[in-house]
>>> print(open('my_file.cif').read())   # mmCIF, C-alpha atoms
data_work
loop_
_atom_site.label_atom_id
_atom_site.label_comp_id
_atom_site.auth_asym_id
_atom_site.auth_seq_id
_atom_site.Cartn_x
_atom_site.Cartn_y
_atom_site.Cartn_z
CA MET A 58 -54.81 -83.17 -3.11
CA VAL A 59 -52.77 -80.11 -2.13
CA LYS A 60 -50.80 -80.40 1.08
CA ASN A 61 -49.97 -77.29 3.07
CA ASN A 62 -47.34 -77.54 5.77
CA ASN A 63 -46.89 -73.79 6.30
CA ARG A 64 -49.03 -73.65 9.44
CA CYS A 65 -46.89 -76.21 11.22
CA THR A 66 -43.58 -74.97 9.76
CA ARG A 67 -43.69 -71.39 11.04
CA PRO A 68 -44.24 -72.37 14.70
CA PHE A 69 -41.47 -74.95 14.27
CA PHE A 70 -39.00 -72.16 13.44
CA LEU A 71 -39.87 -70.51 16.76
CA LEU A 72 -39.79 -73.79 18.66
CA LEU A 73 -36.35 -74.56 17.25
CA ILE A 74 -34.98 -71.35 18.75
CA LEU A 75 -36.88 -71.55 22.05
CA LEU A 76 -35.62 -75.07 22.72
CA ALA A 77 -32.16 -73.66 23.25
CA SER A 78 -33.04 -70.81 25.61
CA PRO A 79 -32.74 -72.71 28.95
CA VAL A 80 -29.16 -73.76 28.20
CA ILE A 81 -27.81 -70.79 26.21
CA GLN A 82 -24.30 -69.48 26.75
CA ALA A 83 -22.54 -67.08 24.42
CA ALA A 84 -21.34 -69.24 21.54
CA THR A 85 -17.84 -67.94 20.83
CA GLY A 86 -15.72 -71.07 21.11
CA LYS A 87 -14.34 -71.33 17.55
CA LEU A 88 -12.09 -69.24 15.33
CA ILE A 89 -13.95 -66.81 13.09
CA GLY A 90 -14.90 -68.38 9.77
CA THR A 91 -14.43 -71.98 10.92
CA ALA A 92 -18.17 -72.56 11.47
CA GLY A 93 -18.68 -72.40 7.72
CA LEU A 94 -21.66 -70.73 6.08
CA ASN A 95 -25.29 -71.86 5.74
CA MET A 96 -26.26 -74.04 2.81
CA LEU A 97 -29.60 -73.73 1.06
CA GLU A 98 -30.93 -76.94 2.64
CA GLY A 99 -30.46 -75.54 6.17
CA SER A 100 -27.33 -77.32 7.36
CA GLY A 101 -24.05 -75.69 8.18
CA GLY A 102 -21.68 -75.77 5.21
CA GLY A 103 -21.13 -73.95 1.96
CA GLY A 104 -23.88 -72.60 -0.25
CA ILE A 105 -24.81 -75.80 -2.09
CA VAL A 106 -22.84 -78.44 -0.13
CA PRO A 107 -23.26 -79.55 3.51
CA TRP A 108 -19.94 -79.61 5.36
CA ALA A 109 -18.88 -81.53 8.46
CA THR A 110 -18.96 -78.24 10.37
CA LEU A 111 -21.96 -77.44 12.56
CA ALA A 112 -23.74 -74.11 12.14
CA GLY A 113 -22.72 -71.72 14.90
CA TYR A 114 -19.61 -71.10 17.01
CA ASP A 115 -20.52 -73.26 20.01
CA SER A 116 -17.81 -75.14 21.87
CA ARG A 117 -18.35 -78.33 23.84
CA ASP A 118 -20.19 -76.55 26.67
CA GLN A 119 -22.23 -74.12 24.55
CA VAL A 120 -25.33 -73.98 22.34
CA ALA A 121 -25.66 -71.83 19.21
CA ALA A 122 -28.73 -70.75 17.26
CA THR A 123 -28.53 -69.36 13.72
CA ALA A 124 -30.98 -68.11 11.11
CA PHE A 125 -30.51 -67.37 7.42
CA TYR A 126 -32.15 -66.17 4.24
CA THR A 127 -31.01 -67.16 0.75
CA ARG A 128 -32.14 -66.13 -2.73
CA VAL A 129 -31.01 -67.78 -5.97
CA ASN A 130 -31.92 -65.95 -9.19
CA VAL A 131 -31.28 -67.73 -12.48
CA ASP A 132 -32.67 -67.08 -15.97
CA ASP A 133 -36.09 -68.73 -15.61
CA PHE A 134 -36.41 -69.61 -11.93
CA GLN A 135 -36.11 -68.05 -8.48
CA LEU A 136 -35.53 -69.87 -5.20
CA ASP A 137 -36.13 -68.21 -1.82
CA VAL A 138 -35.04 -70.04 1.33
CA LEU A 139 -35.69 -69.23 4.99
CA GLY A 140 -33.98 -71.41 7.58
CA ALA A 141 -32.80 -71.84 11.16
CA SER A 142 -30.62 -74.26 13.08
CA LEU A 143 -29.48 -75.20 16.56
CA SER A 144 -26.07 -76.63 17.37
CA PHE A 145 -25.62 -78.38 20.72
CA TYR A 146 -22.20 -78.64 22.39
CA ASP A 147 -20.32 -78.80 19.06
CA ARG A 148 -21.77 -82.28 18.56
CA ILE A 149 -25.34 -82.24 17.20
CA GLU A 150 -27.08 -79.88 14.77
CA ILE A 151 -30.80 -79.75 13.99
CA SER A 152 -32.10 -77.52 11.22
CA ILE A 153 -35.10 -76.57 9.15
CA ALA A 154 -35.35 -74.78 5.82
CA GLN A 155 -38.37 -73.74 3.79
CA HIS A 156 -37.99 -73.45 -0.01
CA LYS A 157 -40.21 -71.38 -2.27
CA PHE A 158 -39.36 -72.12 -5.90
CA ASP A 159 -40.92 -69.90 -8.58
CA VAL A 160 -41.24 -71.68 -11.94
CA GLU A 161 -41.60 -68.71 -14.26
CA PRO A 162 -42.14 -70.70 -17.52
CA LEU A 163 -45.24 -72.32 -15.96
CA GLY A 164 -46.34 -69.47 -13.71
CA ALA A 165 -46.24 -71.97 -10.82
CA GLU A 166 -44.71 -72.17 -7.36
CA ILE A 167 -43.27 -75.20 -5.53
CA LYS A 168 -42.80 -75.22 -1.75
CA GLN A 169 -40.66 -77.68 0.17
CA ASN A 170 -39.71 -78.06 3.83
CA ILE A 171 -36.40 -79.69 4.79
CA TYR A 172 -35.75 -81.07 8.28
CA GLY A 173 -32.09 -81.78 8.99
CA LEU A 174 -30.04 -83.64 11.58
CA LYS A 175 -26.23 -83.78 11.71
CA TYR A 176 -23.86 -85.51 14.15
CA ARG A 177 -20.12 -84.88 14.46
CA ILE A 178 -18.47 -88.25 14.91
CA TYR A 179 -14.79 -87.34 14.83
CA GLY A 180 -12.22 -84.56 14.80
CA ASP A 181 -12.04 -80.81 14.66
CA VAL A 182 -11.65 -78.72 11.51
CA VAL A 183 -8.58 -76.95 12.91
CA TYR A 184 -7.09 -78.76 15.88
CA SER A 185 -7.08 -82.45 14.88
CA ASP A 186 -4.60 -83.95 12.43
CA TRP A 187 -7.38 -85.63 10.44
CA PRO A 188 -10.48 -83.85 9.08
CA GLN A 189 -13.63 -83.33 11.06
CA VAL A 190 -16.18 -85.96 10.02
CA SER A 191 -19.96 -85.74 10.40
CA VAL A 192 -22.96 -87.73 9.27
CA GLY A 193 -26.36 -86.27 8.53
CA LEU A 194 -29.78 -86.62 7.00
CA GLN A 195 -32.23 -84.26 5.32
CA HIS A 196 -35.91 -85.21 5.24
CA LYS A 197 -37.70 -83.28 2.49
CA VAL A 198 -41.46 -82.74 2.26
CA LEU A 199 -43.27 -81.10 -0.67
CA ASP A 200 -46.41 -79.05 0.00
CA ASP A 201 -47.91 -80.13 -3.32
CA GLY A 202 -46.44 -82.92 -5.43
CA ALA A 203 -48.55 -82.30 -8.54
CA ILE A 204 -45.64 -81.07 -10.68
CA ALA A 205 -43.33 -83.81 -9.38
CA ALA A 206 -45.92 -86.44 -10.27
CA ALA A 207 -46.47 -84.91 -13.71
CA VAL A 208 -42.77 -85.23 -14.63
CA GLY A 209 -42.60 -88.87 -13.54
CA ALA A 210 -41.29 -88.88 -9.96
CA ASP A 211 -41.89 -92.16 -8.14
CA ASN A 212 -42.58 -90.34 -4.86
CA ALA A 213 -44.09 -86.89 -5.29
CA ASP A 214 -44.49 -86.15 -1.58
CA SER A 215 -41.32 -86.75 0.44
CA GLY A 216 -37.88 -88.32 0.56
CA THR A 217 -34.75 -88.46 2.70
CA ASP A 218 -31.09 -87.84 1.82
CA PHE A 219 -28.23 -89.31 3.88
CA TYR A 220 -24.67 -87.99 3.79
CA ILE A 221 -21.20 -88.18 5.30
CA ALA A 222 -18.90 -85.15 5.12
CA ALA A 223 -15.23 -84.48 5.92
CA THR A 224 -13.92 -80.92 6.37
CA LYS A 225 -10.44 -79.60 7.18
CA VAL A 226 -8.92 -76.13 7.66
CA HIS A 227 -5.19 -75.82 6.95
CA LEU A 228 -3.72 -72.76 8.70
CA GLY A 229 -1.38 -70.98 6.31
CA GLY A 230 -2.07 -73.64 3.71
CA PHE A 231 -2.29 -71.87 0.31
CA PHE A 232 0.51 -69.33 -0.19
CA GLY A 233 0.24 -68.56 3.51
CA TYR A 234 -3.56 -68.18 3.51
CA ASN A 235 -5.84 -70.36 5.61
CA THR A 236 -7.47 -72.93 3.35
CA VAL A 237 -10.58 -75.07 3.84
CA TRP A 238 -11.71 -78.11 1.86
CA ASN A 239 -14.71 -80.37 2.15
CA THR A 240 -15.86 -83.61 0.55
CA THR A 241 -19.37 -85.01 0.93
CA LEU A 242 -20.91 -88.29 -0.20
CA ARG A 243 -24.71 -88.13 -0.41
CA ALA A 244 -27.15 -91.03 -0.88
CA THR A 245 -30.20 -89.53 -2.56
CA LYS A 246 -33.26 -90.08 -4.74
CA ALA A 247 -34.02 -86.35 -4.98
CA ASN A 248 -34.82 -84.72 -8.32
CA GLN A 249 -33.56 -81.11 -8.33
CA THR A 250 -32.87 -81.40 -4.55
CA GLY A 251 -36.43 -82.70 -4.05
CA LEU A 252 -38.34 -79.87 -5.74
CA LEU A 253 -39.36 -82.34 -8.49
CA GLY A 254 -39.97 -85.25 -6.16
CA PHE A 255 -37.92 -88.36 -5.54
CA GLY A 256 -36.85 -91.20 -7.80
CA GLN A 257 -38.39 -92.34 -11.04
CA VAL A 258 -41.16 -94.86 -11.54
CA ASP A 259 -38.89 -97.41 -13.24
CA ASP A 260 -35.83 -96.77 -11.05
CA ASP A 261 -36.34 -95.83 -7.41
CA ASP A 262 -32.92 -96.79 -6.04
CA TYR A 263 -30.66 -94.53 -4.01
CA GLU A 264 -27.62 -93.17 -5.83
CA VAL A 265 -24.39 -91.98 -4.21
CA MET A 266 -23.36 -88.49 -5.34
CA PHE A 267 -20.09 -86.60 -4.75
CA GLU A 268 -20.02 -83.00 -3.52
CA GLY A 269 -17.00 -80.84 -2.80
CA SER A 270 -15.86 -77.37 -1.74
CA LEU A 271 -12.56 -75.51 -1.66
CA GLY A 272 -12.07 -72.09 -0.10
CA VAL A 273 -9.28 -69.67 0.78
CA LEU A 274 -9.55 -67.14 3.62
CA LEU A 275 -7.95 -64.00 2.21
CA SER A 276 -8.21 -62.38 5.64
CA ARG A 277 -10.08 -62.96 8.89
CA HIS A 278 -13.18 -61.48 7.25
CA PHE A 279 -13.13 -62.50 3.57
CA ALA A 280 -13.11 -65.88 1.87
CA VAL A 281 -13.37 -66.98 -1.76
CA GLY A 282 -13.99 -70.45 -3.08
CA ILE A 283 -15.66 -72.89 -5.44
CA GLU A 284 -18.20 -75.68 -4.97
CA TYR A 285 -19.41 -78.66 -6.97
CA ARG A 286 -22.48 -80.84 -6.44
CA GLN A 287 -23.13 -83.98 -8.45
CA LYS A 288 -26.83 -84.71 -9.01
CA PRO A 289 -28.77 -87.74 -10.31
CA ASP A 290 -30.77 -87.58 -13.54
CA ASN A 291 -33.68 -89.82 -12.56
CA LEU A 292 -36.28 -88.18 -14.80
CA GLY A 293 -34.32 -88.10 -18.04
CA LEU A 294 -34.62 -84.31 -18.28
CA GLY A 295 -30.87 -83.74 -18.45
CA GLU A 296 -30.45 -82.68 -14.83
CA ASP A 297 -26.97 -81.17 -14.60
CA ASP A 298 -24.49 -81.00 -11.74
CA TRP A 299 -24.36 -77.71 -9.85
CA LYS A 300 -21.31 -75.45 -9.57
CA ASP A 301 -20.62 -72.06 -8.02
CA VAL A 302 -17.88 -69.53 -7.35
CA PHE A 303 -18.41 -67.59 -4.11
CA ILE A 304 -17.09 -64.77 -1.99
CA ALA A 305 -18.03 -64.57 1.68
CA TRP A 306 -17.79 -61.55 3.98
CA ILE A 307 -17.61 -62.47 7.67
CA PRO A 308 -17.42 -59.19 9.63
CA SER A 309 -17.96 -60.98 12.96
CA LYS A 310 -19.09 -64.28 14.43
CA ASP A 311 -22.63 -62.91 14.46
CA VAL A 312 -23.13 -62.49 10.72
CA ASN A 313 -21.89 -63.54 7.31
CA VAL A 314 -22.89 -62.60 3.78
CA THR A 315 -22.20 -64.87 0.80
CA LEU A 316 -22.45 -63.87 -2.86
CA ALA A 317 -21.94 -66.46 -5.59
CA TYR A 318 -22.27 -66.98 -9.30
CA ALA A 319 -24.09 -70.28 -9.71
CA LYS A 320 -24.22 -72.54 -12.78
CA LEU A 321 -27.22 -74.82 -12.31
CA GLY A 322 -27.44 -76.09 -15.86
CA SER A 323 -30.71 -77.69 -16.98
CA ILE A 324 -33.72 -77.46 -14.65
CA ALA A 325 -36.88 -79.36 -15.69
CA GLY A 326 -35.60 -79.40 -19.27
CA VAL A 327 -34.93 -75.64 -19.38
CA GLN A 328 -31.28 -75.15 -20.33
CA ASP A 329 -28.50 -72.84 -19.14
CA GLN A 330 -29.87 -71.74 -15.77
CA ASN A 331 -27.09 -69.51 -14.46
CA GLY A 332 -27.28 -66.56 -12.12
CA LEU A 333 -26.58 -65.02 -8.71
CA TYR A 334 -26.83 -66.57 -5.27
CA LEU A 335 -27.07 -64.34 -2.18
CA SER A 336 -27.21 -65.61 1.40
CA ILE A 337 -27.30 -63.70 4.70
CA SER A 338 -26.97 -65.61 7.95
CA GLY A 339 -26.63 -64.62 11.57
CA GLN A 340 -25.87 -66.27 14.87
CA ILE A 341 -28.64 -65.35 17.31
CA TRP A 342 -26.84 -66.91 20.29
#
>>> encode(input="my_file.cif", output="structure tokens")
Amino acid sequence: MVKNNNRCTRPFFLLLILLASPVIQAATGKLIGTAGLNMLEGSGGGGIVPWATLAGYDSRDQVAATAFYTRVNVDDFQLDVLGASLSFYDRIEISIAQHKFDVEPLGAEIKQNIYGLKYRIYGDVVYSDWPQVSVGLQHKVLDDGAIAAAVGADNADSGTDFYIAATKVHLGGFFGYNTVWNTTLRATKANQTGLLGFGQVDDDDYEVMFEGSLGVLLSRHFAVGIEYRQKPDNLGLGEDDWKDVFIAWIPSKDVNVTLAYAKLGSIAGVQDQNGLYLSISGQIW
């Protein structure tokens, strides 16, 4: 049976933004670039790794709303992502992202909605001696789990990832340039981030995966960096870890543009899936 969540997802994007309107103040409380970027699962962070940072530049008495669009083009697949998030008082972030994954070898399309929640439990990326630390979850729901079921996923409909992330900015850290690093530990059952379902029939246990990012701010408006995301191989299809090299342009606190070269390895048994990643995000409030 095909499930279609699009009707409820589109109004949810609007509701996410409207929820903030009664309490909006201009969100300008952080240094430019320290809010991170937007990752493809909706949370604030890098491109493929959630960071401890919250999306938006809100301080402790502000609310920020952001929206983003991401496209990943590799040899045999294309992923389009539309997302939005709200960050409340530099403490709580809620987010949503909708994935549309084109499987060119099969002439098929997979859609997935991701609902995220993140809570900052300690620190500040700049002003505390220790890193900022946040915990989060991402609940993922497939519109149609037929392909996931066909490749042997234990749950072809939905699953939830849990993570803890630590992020720190060192002012003048690398040859005088501001430097940011992040480490994330994720408990997951997701196959290809959930696009191929969750777990495997004979092994449906959570696995803890490492993810990391390192970036250097060449100026107030440009950053370069690398990311790494370890991934489980539940289905025996040779699912590889993800890696990317990125450059981000941050002309203001209202917008950033990220371009990356991504090495995604094997996807559903199709080898050497490498290509470009482009993301555009903007702070609405």
>>> closest_residue(input="my_file.cif", among="A:Ala223, A:Leu294, A:Ile337, A:Ala141", to="A:Gln249", atoms="all atoms listed in the file")
A:Leu294
>>> resolve_selection(input="my_file.cif", expression="the PyMOL selection byres ((chain A and resi 212) around 6)", output="ChimeraX atom specification")
/A:210-211,213-214,254-255
>>> resolve_selection(input="my_file.cif", expression="the PyMOL selection byres ((chain A and resi 227) around 9)", output="PDB file with C-alpha atoms, keeping the file's coordinate frame")
ATOM      1  CA  VAL A 182     -11.650 -78.720  11.510  1.00  0.00           C
ATOM      2  CA  VAL A 183      -8.580 -76.950  12.910  1.00  0.00           C
ATOM      3  CA  LYS A 225     -10.440 -79.600   7.180  1.00  0.00           C
ATOM      4  CA  VAL A 226      -8.920 -76.130   7.660  1.00  0.00           C
ATOM      5  CA  LEU A 228      -3.720 -72.760   8.700  1.00  0.00           C
ATOM      6  CA  GLY A 229      -1.380 -70.980   6.310  1.00  0.00           C
ATOM      7  CA  GLY A 230      -2.070 -73.640   3.710  1.00  0.00           C
ATOM      8  CA  PHE A 231      -2.290 -71.870   0.310  1.00  0.00           C
ATOM      9  CA  TYR A 234      -3.560 -68.180   3.510  1.00  0.00           C
ATOM     10  CA  ASN A 235      -5.840 -70.360   5.610  1.00  0.00           C
ATOM     11  CA  THR A 236      -7.470 -72.930   3.350  1.00  0.00           C
ATOM     12  CA  VAL A 237     -10.580 -75.070   3.840  1.00  0.00           C
ATOM     13  CA  TRP A 238     -11.710 -78.110   1.860  1.00  0.00           C
TER      14      TRP A 238
END
>>> residues_around(input="my_file.cif", residues="A:Ala122", least_positions_apart="4", cutoff="8 Å", atoms="only C-alpha atoms", output="mmCIF file with C-alpha atoms, keeping the file's coordinate frame")
data_model
loop_
_atom_site.group_PDB
_atom_site.id
_atom_site.type_symbol
_atom_site.label_atom_id
_atom_site.label_comp_id
_atom_site.auth_asym_id
_atom_site.auth_seq_id
_atom_site.Cartn_x
_atom_site.Cartn_y
_atom_site.Cartn_z
ATOM 1 C CA ILE A 74 -34.980 -71.350 18.750
ATOM 2 C CA ALA A 77 -32.160 -73.660 23.250
ATOM 3 C CA ALA A 112 -23.740 -74.110 12.140
ATOM 4 C CA GLY A 113 -22.720 -71.720 14.900
ATOM 5 C CA ALA A 141 -32.800 -71.840 11.160
ATOM 6 C CA SER A 142 -30.620 -74.260 13.080
ATOM 7 C CA LEU A 143 -29.480 -75.200 16.560
ATOM 8 C CA SER A 144 -26.070 -76.630 17.370
ATOM 9 C CA GLN A 340 -25.870 -66.270 14.870
ATOM 10 C CA ILE A 341 -28.640 -65.350 17.310
ATOM 11 C CA TRP A 342 -26.840 -66.910 20.290
#
>>> atom_distance(input="my_file.cif", atom1="atom CA of A:Gly332", atom2="atom CA of A:Ala154")
21.3 Å
>>> atom_distance(input="my_file.cif", atom1="atom CA of A:Gln119", atom2="atom CA of A:Asn170")
27.4 Å
>>> resolve_selection(input="my_file.cif", expression="the PyMOL selection byres ((chain A and resi 145-149) around 9)", output="count of residues only")
22
>>> closest_residue(input="my_file.cif", among="A:Ser336, A:Pro107, A:Gly326, A:Leu97", to="A:Val312", atoms="all atoms listed in the file")
A:Ser336
>>> closest_residue(input="my_file.cif", among="A:Ala280, A:Leu163, A:Val327, A:Val198", to="A:Thr91", atoms="all atoms listed in the file")
A:Ala280
>>> closest_residue(input="my_file.cif", among="A:Ala222, A:Ile105, A:Val208, A:Leu136", to="A:Asp298", atoms="all atoms listed in the file")
A:Ile105
